[in-house]
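Asks: Below you will find the structure I want to go over with you.
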Amino acid sequence: MALRFFRIGRSVTGFGLFATKPIKRAAYIATYRGRRLSSEEADRREARGARYMFALNKRWTIDGSPRWNVARYINHSCRPNAKPVGRNGGIVIVALRRIEPEEEITYDYGEEYLTYFLQSGGCHCAHCRKKRARARRKRRALARDKQQHRARRKRKSGHRAKK
């Protein structure tokens with residue numbers, strides 16, 4: 001029986017794949033498995049809502065929807081710790097850097113995926129959520145500073161009017 005270095009667990013974006021032991025840089029993590037479809041058939045399935053399609057090339061796509069395909073649980077990140085690599089006519093996921101235990105395994109799905117699936121809500125990866133939170137905090141701080149500045153000006157102008 002193969003020793004797995006990962007587990008499927010709850011992630012912010014649904015299910016995710018998490019390391020259970022340290023994974024070395026460039027180490028094999030999983031194979032993206034499933035039925036091989038023509039790109040035309042894959043496009044038809046995507047139009048009906050299929051999500052786990054991985055394009056091998058212009059002609060072939062892997063339908064990774066079966067639950068036994070553990071690589072389907074790897075979520076997108078704009079700052080990934082793994083990457084897909086073409087190998088022997090298929091796709092394997094390898095670590096870009098050392099992955100610590102309990103860290104979620106992620107790779108970049110690419111611009112086409114983000115455009116197609118996330119155009120309305122934006123990217124939900126940890127890096128983008130943190131970036132949006134920082135921007136929100138900055139906007140709130142600027143609004144608060146502006147409000148305080150107006151209040152100080154109002155107090156000063158009211159103080160002068162009383163003299």
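Chain labels follow the order of the structure tokens: the first chain is A, the next B, and so on; residue numbering restarts at 1 in every chain, and ligands are counted from 1 in their shown order.
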Near region 15-27 of chain A, counting only C-alpha atoms, which residues have an atom at most 7 Å away, once you skip same-chain residues fewer than 4 positions from it, shown as a PyMOL selection string?
Replies: chain A and resi 5-11+73-75+94-105
Asks: Using only N, CA and C atoms, please write the residues we just selected to a file, as a JSON list (two decimals), in the first residue's frame.
Replies:
```json
[["chain", "number", "residue", "atom", "x", "y", "z"],
["A", 5, "PHE", "N", 1.12, 11.30, 1.62],
["A", 5, "PHE", "CA", 1.60, 12.45, 2.37],
["A", 5, "PHE", "C", 0.54, 13.54, 2.45],
["A", 6, "PHE", "N", -0.71, 13.17, 2.25],
["A", 6, "PHE", "CA", -1.77, 14.17, 2.23],
["A", 6, "PHE", "C", -3.06, 13.57, 2.75],
["A", 7, "ARG", "N", -4.01, 14.48, 3.06],
["A", 7, "ARG", "CA", -5.36, 14.08, 3.45],
["A", 7, "ARG", "C", -6.33, 15.06, 2.82],
["A", 8, "ILE", "N", -7.57, 14.62, 2.62],
["A", 8, "ILE", "CA", -8.63, 15.50, 2.12],
["A", 8, "ILE", "C", -9.31, 16.11, 3.33],
["A", 9, "GLY", "N", -9.48, 17.41, 3.33],
["A", 9, "GLY", "CA", -10.10, 18.08, 4.47],
["A", 9, "GLY", "C", -10.84, 19.33, 4.04],
["A", 10, "ARG", "N", -11.48, 19.98, 5.02],
["A", 10, "ARG", "CA", -12.22, 21.22, 4.77],
["A", 10, "ARG", "C", -11.25, 22.37, 4.55],
["A", 11, "SER", "N", -11.55, 23.13, 3.50],
["A", 11, "SER", "CA", -10.78, 24.31, 3.14],
["A", 11, "SER", "C", -11.73, 25.49, 3.12],
["A", 73, "TYR", "N", -8.95, 17.57, -5.61],
["A", 73, "TYR", "CA", -9.15, 18.32, -4.37],
["A", 73, "TYR", "C", -8.10, 19.41, -4.17],
["A", 74, "ILE", "N", -7.11, 19.47, -5.04],
["A", 74, "ILE", "CA", -6.09, 20.52, -4.93],
["A", 74, "ILE", "C", -6.70, 21.82, -5.43],
["A", 75, "ASN", "N", -6.73, 22.82, -4.59],
["A", 75, "ASN", "CA", -7.35, 24.10, -4.92],
["A", 75, "ASN", "C", -6.39, 25.05, -5.61],
["A", 94, "VAL", "N", 3.57, 18.16, -8.65],
["A", 94, "VAL", "CA", 4.83, 18.11, -7.90],
["A", 94, "VAL", "C", 4.96, 19.38, -7.06],
["A", 95, "ALA", "N", 5.69, 19.28, -5.98],
["A", 95, "ALA", "CA", 5.87, 20.41, -5.06],
["A", 95, "ALA", "C", 6.84, 21.43, -5.65],
["A", 96, "LEU", "N", 6.48, 22.70, -5.57],
["A", 96, "LEU", "CA", 7.36, 23.79, -6.01],
["A", 96, "LEU", "C", 8.37, 24.14, -4.92],
["A", 97, "ARG", "N", 7.98, 23.92, -3.69],
["A", 97, "ARG", "CA", 8.82, 24.22, -2.53],
["A", 97, "ARG", "C", 8.45, 23.23, -1.44],
["A", 98, "ARG", "N", 9.16, 23.28, -0.33],
["A", 98, "ARG", "CA", 8.83, 22.40, 0.79],
["A", 98, "ARG", "C", 7.44, 22.76, 1.31],
["A", 99, "ILE", "N", 6.63, 21.74, 1.53],
["A", 99, "ILE", "CA", 5.27, 21.93, 2.04],
["A", 99, "ILE", "C", 5.22, 21.35, 3.44],
["A", 100, "GLU", "N", 4.82, 22.16, 4.39],
["A", 100, "GLU", "CA", 4.79, 21.74, 5.80],
["A", 100, "GLU", "C", 3.51, 20.96, 6.12],
["A", 101, "PRO", "N", 3.55, 20.14, 7.17],
["A", 101, "PRO", "CA", 2.34, 19.41, 7.59],
["A", 101, "PRO", "C", 1.19, 20.38, 7.90],
["A", 102, "GLU", "N", -0.01, 19.99, 7.53],
["A", 102, "GLU", "CA", -1.26, 20.75, 7.69],
["A", 102, "GLU", "C", -1.36, 21.96, 6.76],
["A", 103, "GLU", "N", -0.39, 22.16, 5.88],
["A", 103, "GLU", "CA", -0.48, 23.23, 4.88],
["A", 103, "GLU", "C", -1.30, 22.71, 3.70],
["A", 104, "GLU", "N", -2.17, 23.55, 3.17],
["A", 104, "GLU", "CA", -2.98, 23.14, 2.02],
["A", 104, "GLU", "C", -2.11, 23.11, 0.77],
["A", 105, "ILE", "N", -2.29, 22.06, -0.03],
["A", 105, "ILE", "CA", -1.56, 21.92, -1.29],
["A", 105, "ILE", "C", -2.37, 22.65, -2.36]]
```
Asks: Report as a tab-separated table: every residue of region 70-108 of chain A with an atom at most 8 Å from region 127-141 of chain A, its closest pair of atoms, and their distance in Å to one decimal, counting only C-alpha atoms, with rows sorted by chain and ascending residue number.
Replies:
```
residue	atom	partner	partner_atom	distance
A:Ser77	CA	A:His127	CA	7.1
A:Cys78	CA	A:His127	CA	6.6
A:Arg79	CA	A:His127	CA	6.5
```
Asks: In Å to one decimal, how far is CA of Tyr107 (chain A) from CA of Pro84 (chain A)?
Replies: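 CA of Pro84 (chain A) sits 7.3 Å away from CA of Tyr107 (chain A).
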Asks: Where does DSSP see alpha helix (DSSP H) in region 71-127 of chain A, if you list the residues as a ChimeraX atom specification?
Replies: /A:111-118,126-127
Asks: Closest to Arg33 (chain A) among A:Arg152, A:Arg72, A:Arg87, A:Lys146, using only C-alpha atoms?
Replies: A:Arg72
Asks: Record the distance separating CA of Met53 (chain A) and CA of Ser39 (chain A), expressed in Å with one decimal.
Replies: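 Distance reported for this atom pair: 9.6 Å.
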Asks: Would you please work out which residue, of A:Leu37, A:Ala151, A:Ala82, A:Ala143, is nearest to Thr61 (chain A) when using only C-alpha atoms?
Replies: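 With only C-alpha atoms as the atom set, the closest residue is A:Leu37.
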Asks: Tell me which protein, DNA and RNA residues are within 12 Å of Asn88 (chain A), counting only C-alpha atoms, leaving out same-chain ones fewer than 3 positions away, and put them as a short mmCIF file (atom, residue, chain, number, x, y, z; two decimals) with N, CA and C atoms, in the first residue's frame.
Replies:
```
data_model
loop_
_atom_site.label_atom_id
_atom_site.label_comp_id
_atom_site.auth_asym_id
_atom_site.auth_seq_id
_atom_site.Cartn_x
_atom_site.Cartn_y
_atom_site.Cartn_z
N THR A 31 -1.29 12.16 -9.04
CA THR A 31 -1.55 12.16 -10.48
C THR A 31 -2.98 12.61 -10.71
N LEU A 56 -4.97 18.66 -21.53
CA LEU A 56 -3.63 18.14 -21.77
C LEU A 56 -2.96 18.91 -22.91
N VAL A 85 2.60 18.99 -13.94
CA VAL A 85 3.65 18.72 -14.91
C VAL A 85 3.16 17.61 -15.84
N ILE A 91 -0.92 14.02 -16.32
CA ILE A 91 -0.54 15.16 -15.48
C ILE A 91 -0.21 14.65 -14.08
N VAL A 92 0.94 15.06 -13.57
CA VAL A 92 1.28 14.79 -12.17
C VAL A 92 1.48 16.13 -11.47
#
```
